[in-house]
Amino acid sequence: MNVFSLKAAQTVERTDQGKLRLSVLTADRNQPIDDASVSISYSGDPDSVIEEVNTDSSGQIPELILPAPPLEYSMAPSEYQPYAEYTFRISKEGYEDLEISGAEILPDSTATQQAFLRPAAPGENFQDIVIPAHTLFGNYPEKIPEDEIKPMDTSGEIVLSRVVIPETVVVHDGTPDNTSAQNYFVRYRDYIKNVACSEIYATWPKDTIRANVLAIMSFTLNRVYTEWYRNKGYDFTITSSTAFDHKWMYGRNLFESISEVVDELFDNYLSRPGVRQPILTQYCDGQRVQCPGWMTQWGSKYLGDQGYTAIEILRDFYGDNMYINTAEEISGIPASWPGAPLDIGSSGNKVRQIQEQLNTIAGSYPALPAIAADGIYGEATQNAVREFQRVFNLPATGVVDYPTWYEIQEIFVGVSRIAELV
């Protein structure tokens, strides 16, 4: 494997740059940790530290610019690794030390890494996370073909009566029959972001990313809707095996361009006329593996280069009767999207609700200013929203748009549950 290390950075003809945003939180309560020490090195040369920084009150380090391989390495299949690999060592008194190795930095992209520290316990003082190779660069099992529509006339086959976006999915980190593999409870949007960042490159065209995200979400929601694994006697929603589902990597970093698409589309899935369930949209890379009738990842990239929209890309592979649908319900959300962005001049109960939720969140994130819950969207509310967006890696517009609304809802639910445990 061609690991992009310090030596590689010195020998390639040109290096590009990528950005890193890293935040440190408690593993037990998802709270930011301030003044944690973070050292960054190349994974190929872990003892040569290139950056040493500390976290702020939001648990974040300053945004860093790091060397990455040339952009063209990720724009077509190549023998060269298209991303740089970095190691993060994180420590804070009272917590176990954490090392994350193999984190990916792509050129012209912003990587976001969350690091969760566990409280120190007698005899335990170190946690090690190793991120495996990206699926387009490493070697992984081929997808075992399945019918894209599951039978609905078998007793017990379908459990859910309508398509619902789940609050969390249970990911089995291995093949279905691997009883030693661990199960992880993962927030749905975080799961989709993780899979997309593991399956495609963040440097690809936006509509290529949209097409792949829609395929990943539809496949996942088919597993949820049909209770596929639970009907087989398992206690999880989906696996991390590429032979059965998608590649999900515990602890990996995400990419801003992919995260933004997921936040934009997360309540969508793909459907065909007369079919109630989300379509099990299978795919392959199209380079090492061919899969007629399915989408190929590299093929979707080339169509995106030609200006195809997301639905045009999908229909090119899956047929003209493929449509984008919207889920009937989003689980775990206290209030639904008001239908239009909230901005300066907005007023009413939805604004008051957002103000109250931001004040609750500020109890855990002191960088967020306290604001009057008066139902009037003024400059103070705008500034609080902008700070929330900055902390949670959203475009800092100060406007409560669709992605911001649902991020506020989910973070509010999380901190409220923590408060109930105190």
# chains A, B, ... in the order shown; residues from 1 in each chain; ligands from 1
call {"tool": "residues_around", "arguments": {"residues": "Gly307 of chain A", "least_positions_apart": "6", "cutoff": "10 Å", "atoms": "only C-alpha atoms", "output": "VMD selection string"}}
result
chain A and resid 205 to 208 313
call {"tool": "residues_around", "arguments": {"residues": "Asn125 of chain A", "least_positions_apart": "3", "cutoff": "12 Å", "atoms": "only C-alpha atoms", "output": "list in words"}}
result
Ile90, Ser91, Lys92, Glu93, Gly94, Tyr95, Glu96, Asp97, Leu98, Glu99, Leu117, Arg118, Pro119, Ala120, Ala121, Pro122 and Asp128 of chain A
call {"tool": "residues_around", "arguments": {"residues": "Leu64 of chain A", "least_positions_apart": "4", "cutoff": "8 Å", "atoms": "only C-alpha atoms", "output": "list in words"}}
result
Lys19, Leu20 and Arg21 of chain A
call {"tool": "write_last_selection", "arguments": {"atoms": "N, CA, C and O atoms", "output": "tab-separated table (two decimals), in the first residue's frame"}}
result
chain	number	residue	atom	x	y	z
A	19	LYS	N	-8.02	20.33	4.95
A	19	LYS	CA	-8.26	20.95	6.25
A	19	LYS	C	-8.76	19.91	7.25
A	19	LYS	O	-9.39	18.92	6.88
A	20	LEU	N	-8.46	20.17	8.52
A	20	LEU	CA	-8.90	19.29	9.60
A	20	LEU	C	-9.57	20.11	10.70
A	20	LEU	O	-9.03	21.11	11.16
A	21	ARG	N	-10.76	19.64	11.11
A	21	ARG	CA	-11.42	20.14	12.31
A	21	ARG	C	-11.60	18.95	13.24
A	21	ARG	O	-12.18	17.94	12.84
call {"tool": "select_by_dssp", "arguments": {"residues": "segment 25-148 of chain A", "states": "helix (DSSP H, G or I)", "output": "number ranges by chain"}}
result
A: 71-74
call {"tool": "atom_distance", "arguments": {"atom1": "atom CA of Ala373 of chain A", "atom2": "atom CA of Ser346 of chain A"}}
result
13.1 Å
call {"tool": "atom_distance", "arguments": {"atom1": "atom CA of Glu79 of chain A", "atom2": "atom CA of Gly299 of chain A"}}
result
18.1 Å
call {"tool": "atom_distance", "arguments": {"atom1": "atom CA of Ala327 of chain A", "atom2": "atom CA of Ala196 of chain A"}}
result
19.8 Å
call {"tool": "residues_around", "arguments": {"residues": "segment 303-306 of chain A", "least_positions_apart": "6", "cutoff": "12 Å", "atoms": "only C-alpha atoms", "output": "VMD selection string"}}
result
chain A and resid 75 to 76 203 to 212 295 to 297 312 to 317
call {"tool": "closest_residue", "arguments": {"among": "A:Ser161, A:Thr179, A:Ser241, A:Gln290", "to": "Gln277 of chain A", "atoms": "only C-alpha atoms"}}
result
A:Ser161
call {"tool": "residues_around", "arguments": {"residues": "Gly102 of chain A", "least_positions_apart": "5", "cutoff": "7 Å", "atoms": "only C-alpha atoms", "output": "list in words"}}
result
Ser43, Glu85, Tyr86, Thr87, Val130, Ile131 and Pro132 of chain A
call {"tool": "residues_around", "arguments": {"residues": "Ile344 of chain A", "least_positions_apart": "6", "cutoff": "12 Å", "atoms": "only C-alpha atoms", "output": "VMD selection string"}}
result
chain A and resid 351 375 to 383 385 397 to 400
call {"tool": "closest_residue", "arguments": {"among": "A:Cys284, A:Ala181, A:Met249, A:Ile105", "to": "Ala202 of chain A", "atoms": "only C-alpha atoms"}}
result
A:Ile105
call {"tool": "closest_residue", "arguments": {"among": "A:Arg223, A:Ser240, A:Pro77, A:Thr112", "to": "Tyr140 of chain A", "atoms": "only C-alpha atoms"}}
result
A:Ser240
